file data-v9.cif (mmCIF, C-alpha atoms and all ligand atoms)
data_work
#
loop_
_atom_site.label_atom_id
_atom_site.label_comp_id
_atom_site.auth_asym_id
_atom_site.auth_seq_id
_atom_site.Cartn_x
_atom_site.Cartn_y
_atom_site.Cartn_z
CA MET P 29 289.91 14.11 209.08
CA LYS P 30 289.92 14.94 205.40
CA LYS P 31 287.13 17.39 205.99
CA LYS P 32 289.12 19.20 208.66
CA ALA P 33 292.16 19.36 206.41
CA LEU P 34 290.12 20.79 203.56
CA LEU P 35 288.59 23.37 205.87
CA ARG P 36 292.02 24.43 207.03
CA ILE P 37 293.40 24.63 203.52
CA ASN P 38 290.41 26.69 202.52
CA VAL P 39 290.98 29.20 205.29
CA LEU P 40 294.50 29.73 203.96
CA LEU P 41 293.42 29.82 200.33
CA GLY P 42 290.65 32.28 201.13
CA ALA P 43 292.94 34.60 203.05
CA ALA P 44 295.66 34.44 200.40
CA SER P 45 293.35 35.02 197.45
CA LEU P 46 291.61 37.96 199.10
CA ALA P 47 294.90 39.54 200.07
CA LEU P 48 296.40 39.08 196.61
CA ALA P 49 293.32 40.45 194.89
CA GLY P 50 293.25 43.39 197.30
CA CYS P 51 289.67 42.66 198.36
CA HIS P 52 288.29 44.21 201.50
CA SER P 53 288.74 41.80 204.36
CA SER P 54 285.95 39.28 204.59
CA LYS P 55 283.37 39.58 207.30
CA PRO P 56 281.68 36.61 208.89
CA VAL P 57 278.01 36.00 208.37
CA PRO P 58 275.50 36.62 211.13
CA GLN P 59 275.20 33.70 213.47
CA THR P 60 273.19 33.04 216.57
CA PRO P 61 275.56 32.93 219.51
CA LYS P 62 275.21 29.66 221.30
CA ASP P 63 274.20 31.29 224.55
CA GLU P 64 271.07 32.55 222.82
CA ASN P 65 269.83 29.04 222.38
CA PRO P 66 267.92 28.02 225.49
CA SER P 67 268.38 24.34 224.74
CA ASP P 68 272.13 24.70 224.59
CA THR P 69 273.60 24.77 228.05
CA THR P 70 277.22 24.36 227.07
CA ASN P 71 277.72 28.09 226.53
CA VAL P 72 280.51 27.39 224.09
CA GLN P 73 282.47 30.42 223.09
CA PRO P 74 281.42 31.43 219.63
CA VAL P 75 283.97 31.08 216.91
CA VAL P 76 284.48 33.23 213.89
CA LYS P 77 283.67 31.33 210.77
CA PRO P 78 286.82 30.04 209.13
CA ASP P 79 285.69 30.61 205.60
CA HIS P 80 284.80 33.70 203.66
CA GLU P 81 281.32 33.61 202.31
CA VAL P 82 279.61 34.90 199.27
CA PHE P 83 276.34 36.66 199.72
CA VAL P 84 273.82 35.72 197.17
CA LYS P 85 272.11 38.24 195.05
CA TYR P 86 269.09 38.89 197.22
CA GLY P 87 270.70 37.42 200.30
CA ILE P 88 271.98 38.87 203.45
CA PRO P 89 274.77 41.36 203.87
CA PRO P 90 278.22 40.45 205.07
CA THR P 91 278.07 43.42 207.32
CA PHE P 92 279.07 42.64 210.84
CA ASN P 93 281.10 40.28 212.83
CA LEU P 94 278.28 39.68 215.26
CA TYR P 95 280.57 37.90 217.63
CA GLU P 96 282.54 41.10 218.14
CA MET Y 23 295.28 41.20 183.93
CA ARG Y 24 297.47 41.89 186.96
CA LEU Y 25 299.62 38.90 187.91
CA ARG Y 26 298.55 39.13 191.56
CA LEU Y 27 294.91 38.96 190.55
CA LYS Y 28 295.54 36.00 188.30
CA ILE Y 29 297.21 34.09 191.14
CA ALA Y 30 294.35 35.07 193.45
CA LEU Y 31 291.84 33.70 190.96
CA TRP Y 32 293.68 30.39 190.72
CA LEU Y 33 293.77 30.10 194.51
CA GLU Y 34 290.08 30.92 194.63
CA ARG Y 35 289.40 28.22 192.05
CA TRP Y 36 291.20 25.73 194.25
CA ARG Y 37 289.20 26.90 197.29
CA ARG Y 38 285.96 26.57 195.33
CA HIS Y 39 286.90 23.06 194.30
CA ASN Y 40 287.37 22.08 197.97
CA LEU Y 41 284.16 23.84 198.91
CA LYS Y 42 282.20 21.80 196.39
CA GLU Y 43 283.44 18.66 198.07
CA LEU Y 44 282.60 20.00 201.52
CA HIS Y 45 279.35 21.73 200.45
CA PRO Y 46 278.65 23.11 203.93
CA LEU Y 47 275.08 24.41 204.15
CA ARG Y 48 275.41 28.06 205.16
CA GLN Y 49 272.33 29.83 203.83
CA LEU Y 50 268.91 28.30 203.58
CA PHE Y 51 266.27 30.36 201.81
CA TRP Y 52 262.65 29.74 202.63
CA GLU Y 53 260.22 31.06 200.02
CA SER Y 54 257.56 31.52 202.66
CA THR Y 55 254.94 33.33 200.59
CA LEU Y 56 254.42 34.56 197.06
CA ARG Y 57 252.09 37.32 198.22
CA CYS Y 58 253.34 40.85 197.90
CA ASN Y 59 252.09 44.37 198.69
CA VAL Y 60 253.72 45.97 195.65
CA HIS Y 61 253.80 45.09 191.97
CA CYS Y 62 257.37 45.65 190.83
CA LEU Y 63 258.09 46.06 187.14
CA HIS Y 64 261.18 43.85 187.42
CA CYS Y 65 259.75 41.09 189.60
CA GLY Y 66 260.70 37.52 188.77
CA SER Y 67 257.36 36.15 189.92
CA ASP Y 68 253.94 36.35 188.40
CA CYS Y 69 251.63 38.19 190.83
CA ILE Y 70 248.42 36.66 189.44
CA ALA Y 71 249.71 33.15 190.12
CA SER Y 72 251.09 34.40 193.43
CA ILE Y 73 247.69 35.38 194.80
CA GLU Y 74 246.43 31.88 194.11
CA THR Y 75 249.42 30.08 195.64
CA PRO Y 76 248.92 29.46 199.34
CA ASP Y 77 251.75 30.18 201.80
CA MET Y 78 253.66 27.17 203.00
CA PRO Y 79 252.44 26.24 206.50
CA GLU Y 80 254.94 27.03 209.22
CA GLU Y 81 254.77 23.44 210.50
CA ASP Y 82 255.87 22.02 207.15
CA PHE Y 83 258.98 24.17 207.10
CA LEU Y 84 259.86 23.60 210.74
CA LYS Y 85 259.42 19.86 210.32
CA VAL Y 86 262.17 19.89 207.70
CA ILE Y 87 264.34 22.01 209.97
CA ASP Y 88 263.85 19.65 212.90
CA THR Y 89 264.09 16.32 211.15
CA GLU Y 90 266.33 17.01 208.17
CA VAL Y 91 268.59 19.97 208.91
CA THR Y 92 269.24 20.28 212.66
CA PRO Y 93 270.64 16.76 213.11
CA HIS Y 94 273.36 17.50 210.54
CA VAL Y 95 274.46 21.08 211.14
CA ASP Y 96 275.43 23.50 213.86
CA PRO Y 97 272.32 25.73 213.70
CA HIS Y 98 274.35 28.78 214.73
CA GLU Y 99 276.21 28.56 211.45
CA VAL Y 100 273.23 28.27 209.11
CA MET Y 101 271.51 31.48 208.20
CA ILE Y 102 267.83 31.10 207.38
CA VAL Y 103 266.71 33.73 204.92
CA ILE Y 104 262.95 34.16 204.86
CA SER Y 105 262.08 35.33 201.39
CA GLY Y 106 258.99 35.92 199.30
CA GLY Y 107 257.03 37.63 197.82
CA GLU Y 108 257.18 40.00 200.73
CA PRO Y 109 257.87 38.10 203.97
CA LEU Y 110 255.99 40.71 206.01
CA MET Y 111 252.77 39.55 204.33
CA ARG Y 112 252.90 36.53 206.63
CA LYS Y 113 251.07 37.23 209.86
CA ASP Y 114 253.06 34.49 211.61
CA LEU Y 115 256.51 35.79 210.60
CA ALA Y 116 257.55 36.60 214.17
CA GLU Y 117 256.26 33.25 215.35
CA VAL Y 118 258.35 31.40 212.76
CA GLY Y 119 261.34 33.60 213.65
CA ARG Y 120 260.94 32.80 217.33
CA ALA Y 121 260.82 29.08 216.56
CA LEU Y 122 264.06 29.39 214.58
CA LYS Y 123 265.72 31.39 217.34
CA GLN Y 124 264.78 28.74 219.89
CA ARG Y 125 266.48 26.18 217.71
CA GLY Y 126 269.61 28.33 217.51
CA TYR Y 127 269.30 29.54 213.90
CA PRO Y 128 270.05 33.13 212.98
CA TRP Y 129 267.48 34.38 210.52
CA GLY Y 130 267.03 37.34 208.28
CA MET Y 131 264.89 38.67 205.48
CA VAL Y 132 264.74 40.93 202.47
CA THR Y 133 261.89 43.44 202.53
CA ASN Y 134 260.49 46.38 200.58
CA GLY Y 135 259.90 48.01 203.98
CA LEU Y 136 256.30 49.03 203.29
CA ALA Y 137 254.84 46.97 206.13
CA LEU Y 138 257.74 47.40 208.54
CA THR Y 139 256.17 49.53 211.26
CA GLU Y 140 258.10 50.31 214.41
CA LYS Y 141 255.97 47.82 216.35
CA LYS Y 142 256.57 45.07 213.78
CA PHE Y 143 260.29 45.79 213.70
CA HIS Y 144 260.63 45.38 217.46
CA GLU Y 145 258.48 42.27 217.41
CA LEU Y 146 260.86 40.77 214.83
CA LEU Y 147 263.93 41.82 216.81
CA ASP Y 148 262.50 40.06 219.86
CA ALA Y 149 261.92 37.04 217.67
CA GLY Y 150 265.63 36.86 216.84
CA LEU Y 151 265.91 38.82 213.58
CA ARG Y 152 269.65 39.11 212.96
CA SER Y 153 269.90 40.47 209.48
CA ILE Y 154 267.78 42.55 207.14
CA THR Y 155 268.09 43.92 203.64
CA VAL Y 156 265.83 46.75 202.44
CA SER Y 157 265.20 47.35 198.76
CA CYS Y 158 265.41 50.96 197.63
CA ASP Y 159 265.67 51.44 193.91
CA GLY Y 160 266.33 55.13 193.56
CA LEU Y 161 265.11 58.59 194.41
CA GLU Y 162 261.39 58.87 195.11
CA ALA Y 163 259.93 59.09 191.60
CA ASP Y 164 262.05 56.28 190.20
CA HIS Y 165 261.49 54.01 193.17
CA VAL Y 166 257.73 54.52 193.02
CA TRP Y 167 257.77 53.86 189.27
CA LEU Y 168 259.70 50.61 189.62
CA ARG Y 169 257.72 49.40 192.63
CA GLN Y 170 254.38 50.58 191.23
CA HIS Y 171 253.10 51.75 194.59
CA PRO Y 172 252.64 55.39 195.64
CA LEU Y 173 253.88 54.75 199.20
CA ALA Y 174 256.77 52.48 198.27
CA PHE Y 175 259.45 55.12 198.79
CA GLU Y 176 257.99 56.32 202.07
CA GLY Y 177 257.89 52.70 203.27
CA ALA Y 178 261.46 51.89 202.25
CA THR Y 179 262.95 55.05 203.73
CA ARG Y 180 260.98 54.67 206.97
CA ALA Y 181 262.32 51.12 207.32
CA ILE Y 182 265.87 52.27 206.62
CA LYS Y 183 265.62 55.00 209.25
CA LEU Y 184 264.20 52.59 211.82
CA ILE Y 185 267.06 50.15 211.35
CA ALA Y 186 269.77 52.80 211.25
CA GLU Y 187 268.44 54.43 214.42
CA TYR Y 188 268.18 51.07 216.17
CA ASN Y 189 271.83 50.24 215.42
CA GLN Y 190 272.94 53.75 216.36
CA SER Y 191 271.11 53.49 219.68
CA ILE Y 192 273.03 50.31 220.47
CA VAL Y 193 276.32 52.06 219.80
CA ASN Y 194 275.28 55.16 221.81
CA ARG Y 195 274.08 53.19 224.82
CA LYS Y 196 277.05 50.83 224.58
CA SER Y 197 274.32 48.23 224.87
CA SER Y 198 275.11 44.55 225.08
CA ASN Y 199 272.53 43.95 222.34
CA ARG Y 200 274.08 43.03 219.05
CA PRO Y 201 273.53 45.39 216.15
CA LEU Y 202 271.60 44.09 213.18
CA ALA Y 203 273.51 43.13 210.09
CA TRP Y 204 271.83 45.13 207.37
CA ASP Y 205 272.18 46.81 204.04
CA VAL Y 206 270.22 48.36 201.21
CA VAL Y 207 269.99 46.90 197.74
CA THR Y 208 269.25 48.90 194.63
CA CYS Y 209 268.30 47.47 191.27
CA VAL Y 210 269.88 49.93 188.87
CA ASN Y 211 268.14 50.53 185.53
CA GLN Y 212 268.35 52.94 182.62
CA ARG Y 213 266.41 55.60 184.52
CA THR Y 214 268.65 55.52 187.58
CA ILE Y 215 272.15 54.83 186.29
CA ASP Y 216 272.98 58.55 186.09
CA HIS Y 217 271.54 59.27 189.55
CA LEU Y 218 273.80 56.92 191.51
CA PRO Y 219 275.76 59.66 193.34
CA ALA Y 220 272.49 61.35 194.41
CA ILE Y 221 271.00 58.03 195.55
CA ARG Y 222 274.14 57.26 197.50
CA GLU Y 223 274.03 60.63 199.21
CA MET Y 224 270.38 60.18 200.11
CA LEU Y 225 271.04 56.71 201.55
CA TRP Y 226 274.07 57.89 203.54
CA ASP Y 227 271.95 60.74 204.97
CA LEU Y 228 269.49 58.09 206.16
CA GLY Y 229 272.30 56.21 207.92
CA VAL Y 230 273.11 53.50 205.36
CA ARG Y 231 276.75 52.42 205.29
CA ASP Y 232 276.50 49.22 203.24
CA TRP Y 233 274.94 49.44 199.82
CA ARG Y 234 274.66 46.76 197.18
CA VAL Y 235 273.83 47.76 193.63
CA PHE Y 236 272.66 45.27 191.02
CA GLY Y 237 271.69 45.29 187.42
CA ILE Y 238 268.33 43.74 186.54
CA ASP Y 239 268.52 40.42 184.71
CA PRO Y 240 266.40 39.72 181.63
CA MET Y 241 263.96 37.38 183.38
CA GLY Y 242 260.40 37.53 184.73
CA ARG Y 243 258.58 40.76 183.89
CA ALA Y 244 261.88 42.54 183.30
CA ALA Y 245 262.51 40.55 180.11
CA GLU Y 246 259.74 42.53 178.34
CA ASN Y 247 260.89 45.94 179.47
CA PRO Y 248 264.22 46.99 177.91
CA GLU Y 249 264.30 50.22 179.94
CA LEU Y 250 264.98 48.11 183.00
CA ILE Y 251 268.10 46.49 181.64
CA LEU Y 252 271.37 48.39 181.49
CA THR Y 253 273.17 48.65 178.19
CA ASP Y 254 276.71 47.28 178.06
CA ALA Y 255 278.13 50.80 178.34
CA GLN Y 256 275.91 51.52 181.34
CA PHE Y 257 276.97 48.27 182.97
CA LYS Y 258 280.60 49.36 182.67
CA GLN Y 259 279.60 52.76 184.04
CA LEU Y 260 278.13 50.95 187.05
CA MET Y 261 281.38 49.05 187.63
CA ASP Y 262 283.44 52.25 187.42
CA TYR Y 263 281.06 53.96 189.80
CA ILE Y 264 281.42 51.18 192.39
CA VAL Y 265 285.20 51.28 192.07
CA SER Y 266 285.21 55.04 192.65
CA GLU Y 267 283.00 54.77 195.75
CA ARG Y 268 285.15 52.02 197.23
CA GLU Y 269 288.28 54.04 196.53
CA ALA Y 270 286.64 56.85 198.47
CA GLY Y 271 286.22 54.44 201.40
CA ARG Y 272 282.51 53.80 201.06
CA HIS Y 273 281.19 50.26 201.23
CA VAL Y 274 279.35 49.96 197.94
CA SER Y 275 279.30 46.50 196.32
CA TYR Y 276 278.08 44.71 193.27
CA SER Y 277 275.90 41.60 193.63
CA CYS Y 278 277.30 38.07 193.65
CA GLU Y 279 276.60 37.29 189.98
CA GLY Y 280 279.03 37.48 187.12
CA TYR Y 281 282.75 36.98 186.67
CA LEU Y 282 284.09 40.48 186.03
CA GLY Y 283 287.65 40.05 184.72
CA ASP Y 284 289.81 42.99 185.73
CA TYR Y 285 287.09 44.32 188.02
CA GLU Y 286 287.43 41.23 190.22
CA GLY Y 287 288.54 42.26 193.70
CA ARG Y 288 287.52 45.87 193.06
CA VAL Y 289 283.73 45.88 193.29
CA ARG Y 290 283.00 43.19 195.87
CA ASP Y 291 284.52 41.96 199.12
CA HIS Y 292 285.23 38.61 197.53
CA LEU Y 293 286.19 37.07 194.23
CA TYR Y 294 283.42 35.75 192.03
CA GLN Y 295 281.83 32.45 192.86
CA CYS Y 296 278.30 31.19 192.52
CA ALA Y 297 277.50 29.56 195.87
CA ALA Y 298 274.21 28.04 194.72
CA GLY Y 299 274.03 24.36 195.65
CA ILE Y 300 277.48 24.59 197.25
CA SER Y 301 276.62 26.47 200.42
CA VAL Y 302 273.17 27.81 199.52
CA ALA Y 303 269.92 25.84 199.39
CA SER Y 304 266.27 26.81 199.36
CA ILE Y 305 262.87 25.42 200.11
CA LEU Y 306 260.39 26.94 197.71
CA ILE Y 307 256.71 27.71 198.21
CA ASP Y 308 255.54 24.35 196.80
CA GLY Y 309 258.19 22.39 198.70
CA SER Y 310 260.69 22.23 195.84
CA ILE Y 311 264.31 21.97 196.93
CA SER Y 312 266.56 24.34 195.05
CA ALA Y 313 269.34 26.87 195.69
CA CYS Y 314 268.78 30.59 195.11
CA THR Y 315 265.08 31.24 194.65
CA SER Y 316 265.39 32.71 191.15
CA ILE Y 317 266.87 29.51 189.67
CA ARG Y 318 264.74 27.87 186.95
CA GLY Y 319 262.56 24.86 187.71
CA LYS Y 320 264.65 22.47 185.65
CA TYR Y 321 267.36 22.66 188.30
CA TYR Y 322 265.13 21.85 191.25
CA GLN Y 323 266.55 18.83 193.04
CA GLY Y 324 263.56 17.37 194.84
CA ASN Y 325 260.60 18.26 197.00
CA ILE Y 326 260.31 18.23 200.79
CA TYR Y 327 256.88 16.57 200.50
CA LYS Y 328 258.38 13.47 198.98
CA ASP Y 329 262.15 13.54 199.42
CA SER Y 330 264.53 13.74 202.34
CA PHE Y 331 265.94 17.28 202.25
CA TRP Y 332 269.25 16.21 203.72
CA SER Y 333 269.82 13.33 201.38
CA VAL Y 334 269.04 15.68 198.47
CA TRP Y 335 271.56 18.18 199.85
CA GLU Y 336 274.19 15.51 200.33
CA ASN Y 337 273.70 13.52 197.14
CA GLY Y 338 271.88 15.82 194.73
CA PHE Y 339 272.86 19.22 193.31
CA LYS Y 340 275.17 17.56 190.76
CA PRO Y 341 274.70 20.26 188.07
CA TYR Y 342 275.61 22.85 190.68
CA ARG Y 343 278.72 21.14 191.99
CA ASP Y 344 280.04 19.99 188.66
CA ARG Y 345 279.55 22.78 186.18
CA SER Y 346 281.48 21.22 183.34
CA TRP Y 347 278.16 20.90 181.43
CA MET Y 348 278.16 24.67 181.08
CA ARG Y 349 281.35 24.38 179.07
CA GLN Y 350 279.32 22.75 176.30
CA THR Y 351 277.14 25.85 175.93
CA GLU Y 352 277.60 29.14 174.06
CA PRO Y 353 279.42 31.44 174.68
CA CYS Y 354 281.30 29.50 177.39
CA LYS Y 355 282.62 26.87 174.96
CA ASP Y 356 285.72 28.77 173.94
CA CYS Y 357 285.99 31.07 176.89
CA LYS Y 358 289.47 31.47 178.35
CA ALA Y 359 287.98 32.61 181.65
CA PHE Y 360 285.91 29.46 182.18
CA SER Y 361 288.21 28.21 184.95
CA PHE Y 362 287.40 31.31 187.00
CA CYS Y 363 283.78 31.81 186.00
CA GLU Y 364 282.44 28.31 185.36
CA GLY Y 365 279.59 29.54 183.22
CA ASN Y 366 278.18 32.32 185.44
CA GLY Y 367 275.49 32.08 188.12
CA MET Y 368 272.97 29.25 188.16
CA HIS Y 369 270.11 31.74 188.12
CA LEU Y 370 271.25 32.93 184.70
CA ARG Y 371 270.70 29.52 183.10
CA ARG Y 372 267.48 29.02 181.17
CA GLU Y 373 265.48 25.80 181.26
CA ASP Y 374 267.31 24.58 178.15
CA GLY Y 375 270.69 25.23 179.76
CA SER Y 376 271.54 28.27 177.66
CA LEU Y 377 273.01 31.38 179.26
CA MET Y 378 271.02 34.62 179.60
CA LEU Y 379 273.98 36.90 179.90
CA CYS Y 380 277.75 37.02 180.24
CA HIS Y 381 279.07 39.87 182.36
CA LEU Y 382 282.60 39.56 181.04
CA LYS Y 383 281.45 39.90 177.43
CA ARG Y 384 279.46 43.00 178.35
CA LEU Y 385 282.60 44.57 179.74
CA GLN Y 386 284.71 43.51 176.76
CA VAL Y 387 282.25 45.00 174.28
CA THR Y 388 282.76 48.39 175.86
CA ASP Y 389 286.56 48.19 176.14
S1 LIG P 401 281.60 33.04 178.42
FE1 LIG P 401 280.72 31.79 180.07
S2 LIG P 401 282.48 31.14 181.26
FE2 LIG P 401 283.18 32.84 180.00
S3 LIG P 401 282.95 34.63 181.28
FE3 LIG P 401 281.08 34.45 180.07
S4 LIG P 401 279.67 33.30 181.33
FE4 LIG P 401 281.71 33.03 182.16
S1 LIG P 402 272.62 31.49 191.56
FE1 LIG P 402 272.91 33.66 191.16
S2 LIG P 402 272.19 34.69 192.99
FE2 LIG P 402 272.62 32.54 193.53
S3 LIG P 402 274.75 32.50 194.25
FE3 LIG P 402 274.76 32.02 192.09
S4 LIG P 402 275.14 33.99 191.10
FE4 LIG P 402 274.44 34.44 193.17
#
call {"tool": "encode", "arguments": {"input": "data-v9.cif", "output": "C-alpha cells", "more": "lines below"}}
Ligand code: SF4
Ligand code: SF4
result
Amino acid sequence: MKKKALLRINVLLGAASLALAGCHSSKPVPQTPKDENPSDTTNVQPVVKPDHEVFVKYGIPPTFNLYE
Amino acid sequence: MRLRLKIALWLERWRRHNLKELHPLRQLFWESTLRCNVHCLHCGSDCIASIETPDMPEEDFLKVIDTEVTPHVDPHEVMIVISGGEPLMRKDLAEVGRALKQRGYPWGMVTNGLALTEKKFHELLDAGLRSITVSCDGLEADHVWLRQHPLAFEGATRAIKLIAEYNQSIVNRKSSNRPLAWDVVTCVNQRTIDHLPAIREMLWDLGVRDWRVFGIDPMGRAAENPELILTDAQFKQLMDYIVSEREAGRHVSYSCEGYLGDYEGRVRDHLYQCAAGISVASILIDGSISACTSIRGKYYQGNIYKDSFWSVWENGFKPYRDRSWMRQTEPCKDCKAFSFCEGNGMHLRREDGSLMLCHLKRLQVTD
C-alpha cells in the first residue's frame, strides 16, 4: 500500500520537477513487451513506466518509448 | 539560480528520497568479460589483468537471474546491460541474450563496434537486443589515437551506419518490429573539445540523433594522462556547447554524473541524481555485487558466489542509499548544494571515501 502511494507521489514529483526545470520530457526505458515472453500467456498490455529514469554513464539511452 | 529550478530541485530531492526507500531494480549490469579488442588510453580497467581474468560462465549469471532476480521483479521492467571489456568478445553473447529474452528481460550493450558485423548484428537482434550504445570519440585521427587501434574508427562508424539503417528500414517499411533504442557516446578530451561541431555533423550524417558527451574522469589509465582530462574552462565550454545544441533542437546530452548548478535541466533530460544502488546494480566479473561497474571495490556489497543477490539488494547498499557520510568529506562538508548533489556520483569516490572531482566547483572556478 505504502509502496503504491510512494510510486504515485513519485510520478507527480517527477513530472512537476521536470516541467519546472524545463527538461525535455522523460522517455521510458526499453522494456520487453510481455507478449515477447513465450512463458507469459497473459498478454498483458504493456504499461509505460511511471517513473523517469536516469541513464548511467555508460548505460543505455533513454531514446524510445518502445511501447509506442 | 532561477526560482523555478530551485523548486524543481527540491521536488527532485523528495522524489529521490522516496526512490531510495523503494529502490526498484531497473538496470542490472553484467560485467561479462574483461577482454577487449582495443586498448583505450582512458580505460578504467587494466588490460594485462584482463587477459588473465576468465569470463564469467553464462550459467553462473543465469542462475542468479533465475533464482535471485526473477522471483522478485517484473522482468520486462529490468534492463540487463551486458558490459565489459567488449561484450562482443564473448562468443556466446547471442546465446545469453536469447536466454534473457526467453525470460522476458530486455537487454542491451555498450560496444566499440569493431566486431559488430552485419551478421553479428542480426544475430543479436534475433536474440532480443533492445538497446545499444556505440562509442565514438571523435573524428578519425582522434578516435584512433584514443582507442589505440587503426581500425577503431572504421569499426565504430560501420556499427553506427548498420544501426541507423536498421531503424530507418523499420520506419520506411512501417514494420511492426520495434526500433532499437540507441545512441552514441563520446568521451571528450583536450584534443577533441574544439572539434565538437564537426563531430556532431559527422555523426548526424551517419544517422545519429541521440548523442551523449562525457568528460573523462581521473581514474584508471586516464589518471596518468592529463591531455585526456578537460580543464575547468573546457568543461564549461562543453556545457555551453550542449546547451547550444539542445536550443537548436538536437538531442545532445551530458552523462549522468555531477550536479551542475544552473546548468541543471539544460544539458540532460533529467535533473541530477546518482542512481547507483538505488535502481542500478551490477554483477562483476568475479561475482562481486556492486552498482555501476566503475565503482571502487570498497563499495562492493557482496558476491554472488557466497551471498544471496536479492538479500544484498534489499538489505545492503547502505552507503548508496544514505549518503550522509559524504557530508563528512571535503569539499562537500560546507557545500550549500549538498541537498541536491549528495556528494556526487558513487563512481567518483575513492577507496578512502574522498572525492575525485566536483563538477559544480569546476563550473564556479570559471564563472
Ligand atoms: S562539494 Fe560535494 S556536494 Fe557540493 S556540489 Fe561538489 S560534489 Fe556535490
Ligand atoms: S555511480 Fe556514476 S555512473 Fe553510476 S549512476 Fe552514479 S553518477 Fe552515474
call {"tool": "residues_around", "arguments": {"input": "data-v9.cif", "residues": "Pro79 (chain Y)", "least_positions_apart": "4", "cutoff": "12 Å", "atoms": "all atoms listed in the file", "output": "PyMOL selection string"}}
result
chain Y and resi 52-55+75+83-86+112-115+117-118+306-309
call {"tool": "residues_near_ligand", "arguments": {"input": "data-v9.cif", "ligand": "ligand LIG 401 (chain P)", "cutoff": "7 Å", "atoms": "only C-alpha atoms and all ligand atoms", "output": "VMD selection string"}}
result
chain Y and resid 281 353 to 354 357 to 360 363 to 366 379 to 383
call {"tool": "residues_near_ligand", "arguments": {"input": "data-v9.cif", "ligand": "ligand LIG 402 (chain P)", "cutoff": "6 Å", "atoms": "all atoms listed in the file", "output": "mmCIF file with C-alpha atoms, keeping the file's coordinate frame"}}
result
data_model
loop_
_atom_site.group_PDB
_atom_site.id
_atom_site.type_symbol
_atom_site.label_atom_id
_atom_site.label_comp_id
_atom_site.auth_asym_id
_atom_site.auth_seq_id
_atom_site.Cartn_x
_atom_site.Cartn_y
_atom_site.Cartn_z
ATOM 1 C CA VAL P 84 273.820 35.720 197.170
ATOM 2 C CA LYS P 85 272.110 38.240 195.050
ATOM 3 C CA CYS Y 278 277.300 38.070 193.650
ATOM 4 C CA GLU Y 279 276.600 37.290 189.980
ATOM 5 C CA CYS Y 296 278.300 31.190 192.520
ATOM 6 C CA ALA Y 297 277.500 29.560 195.870
ATOM 7 C CA ALA Y 298 274.210 28.040 194.720
ATOM 8 C CA CYS Y 314 268.780 30.590 195.110
ATOM 9 C CA GLY Y 367 275.490 32.080 188.120
ATOM 10 C CA MET Y 368 272.970 29.250 188.160
ATOM 11 C CA HIS Y 369 270.110 31.740 188.120
#
call {"tool": "closest_residue", "arguments": {"input": "data-v9.cif", "among": "Y:Asp374, Y:Asp232, Y:Glu108, Y:Glu246", "to": "chain P", "atoms": "all atoms listed in the file"}}
result
Y:Asp232
call {"tool": "residues_around", "arguments": {"input": "data-v9.cif", "residues": "Ala313 (chain Y)", "least_positions_apart": "2", "cutoff": "8 Å", "atoms": "only C-alpha atoms", "output": "ChimeraX atom specification"}}
result
/Y:51,298-299,302-305,311,315,317,322
call {"tool": "interface_residues", "arguments": {"input": "data-v9.cif", "of": "chain Y", "to": "chain P", "cutoff": "7 Å", "atoms": "all atoms listed in the file", "output": "MDAnalysis selection string"}}
result
chainID Y and resid 26:27 30:31 33:34 37 40 44 98:99 101 123:128 152:155 200 203:205 277:279 287:288 291:292 297
call {"tool": "write_last_selection", "arguments": {"input": "data-v9.cif", "atoms": "C-alpha atoms", "output": "tab-separated table (two decimals), in the frame of the given file"}}
result
chain	number	residue	atom	x	y	z
Y	26	ARG	CA	298.55	39.13	191.56
Y	27	LEU	CA	294.91	38.96	190.55
Y	30	ALA	CA	294.35	35.07	193.45
Y	31	LEU	CA	291.84	33.70	190.96
Y	33	LEU	CA	293.77	30.10	194.51
Y	34	GLU	CA	290.08	30.92	194.63
Y	37	ARG	CA	289.20	26.90	197.29
Y	40	ASN	CA	287.37	22.08	197.97
Y	44	LEU	CA	282.60	20.00	201.52
Y	98	HIS	CA	274.35	28.78	214.73
Y	99	GLU	CA	276.21	28.56	211.45
Y	101	MET	CA	271.51	31.48	208.20
Y	123	LYS	CA	265.72	31.39	217.34
Y	124	GLN	CA	264.78	28.74	219.89
Y	125	ARG	CA	266.48	26.18	217.71
Y	126	GLY	CA	269.61	28.33	217.51
Y	127	TYR	CA	269.30	29.54	213.90
Y	128	PRO	CA	270.05	33.13	212.98
Y	152	ARG	CA	269.65	39.11	212.96
Y	153	SER	CA	269.90	40.47	209.48
Y	154	ILE	CA	267.78	42.55	207.14
Y	155	THR	CA	268.09	43.92	203.64
Y	200	ARG	CA	274.08	43.03	219.05
Y	203	ALA	CA	273.51	43.13	210.09
Y	204	TRP	CA	271.83	45.13	207.37
Y	205	ASP	CA	272.18	46.81	204.04
Y	277	SER	CA	275.90	41.60	193.63
Y	278	CYS	CA	277.30	38.07	193.65
Y	279	GLU	CA	276.60	37.29	189.98
Y	287	GLY	CA	288.54	42.26	193.70
Y	288	ARG	CA	287.52	45.87	193.06
Y	291	ASP	CA	284.52	41.96	199.12
Y	292	HIS	CA	285.23	38.61	197.53
Y	297	ALA	CA	277.50	29.56	195.87
call {"tool": "residues_around", "arguments": {"input": "data-v9.cif", "residues": "Cys209 (chain Y)", "least_positions_apart": "2", "cutoff": "8 Å", "atoms": "all atoms listed in the file", "output": "number ranges by chain"}}
result
Y: 158-159, 207, 211, 235-238
call {"tool": "atom_distance", "arguments": {"input": "data-v9.cif", "atom1": "CA of Pro172 (chain Y)", "atom2": "CA of Ala220 (chain Y)"}}
result
20.8 Å
call {"tool": "atom_distance", "arguments": {"input": "data-v9.cif", "atom1": "CA of Glu267 (chain Y)", "atom2": "CA of Glu286 (chain Y)"}}
result
15.3 Å
call {"tool": "residues_around", "arguments": {"input": "data-v9.cif", "residues": "Arg234 (chain Y)", "least_positions_apart": "2", "cutoff": "6 Å", "atoms": "all atoms listed in the file", "output": "PDB file with C-alpha atoms, in the frame of the given file"}}
result
ATOM      1  CA  VAL Y 207     269.990  46.900 197.740  1.00  0.00           C
ATOM      2  CA  VAL Y 274     279.350  49.960 197.940  1.00  0.00           C
ATOM      3  CA  SER Y 275     279.300  46.500 196.320  1.00  0.00           C
ATOM      4  CA  TYR Y 276     278.080  44.710 193.270  1.00  0.00           C
TER       5      TYR Y 276
END
call {"tool": "closest_residue", "arguments": {"input": "data-v9.cif", "among": "Y:Ala178, Y:Met348, Y:Ile300, Y:Ile192", "to": "Thr133 (chain Y)", "atoms": "all atoms listed in the file"}}
result
Y:Ala178
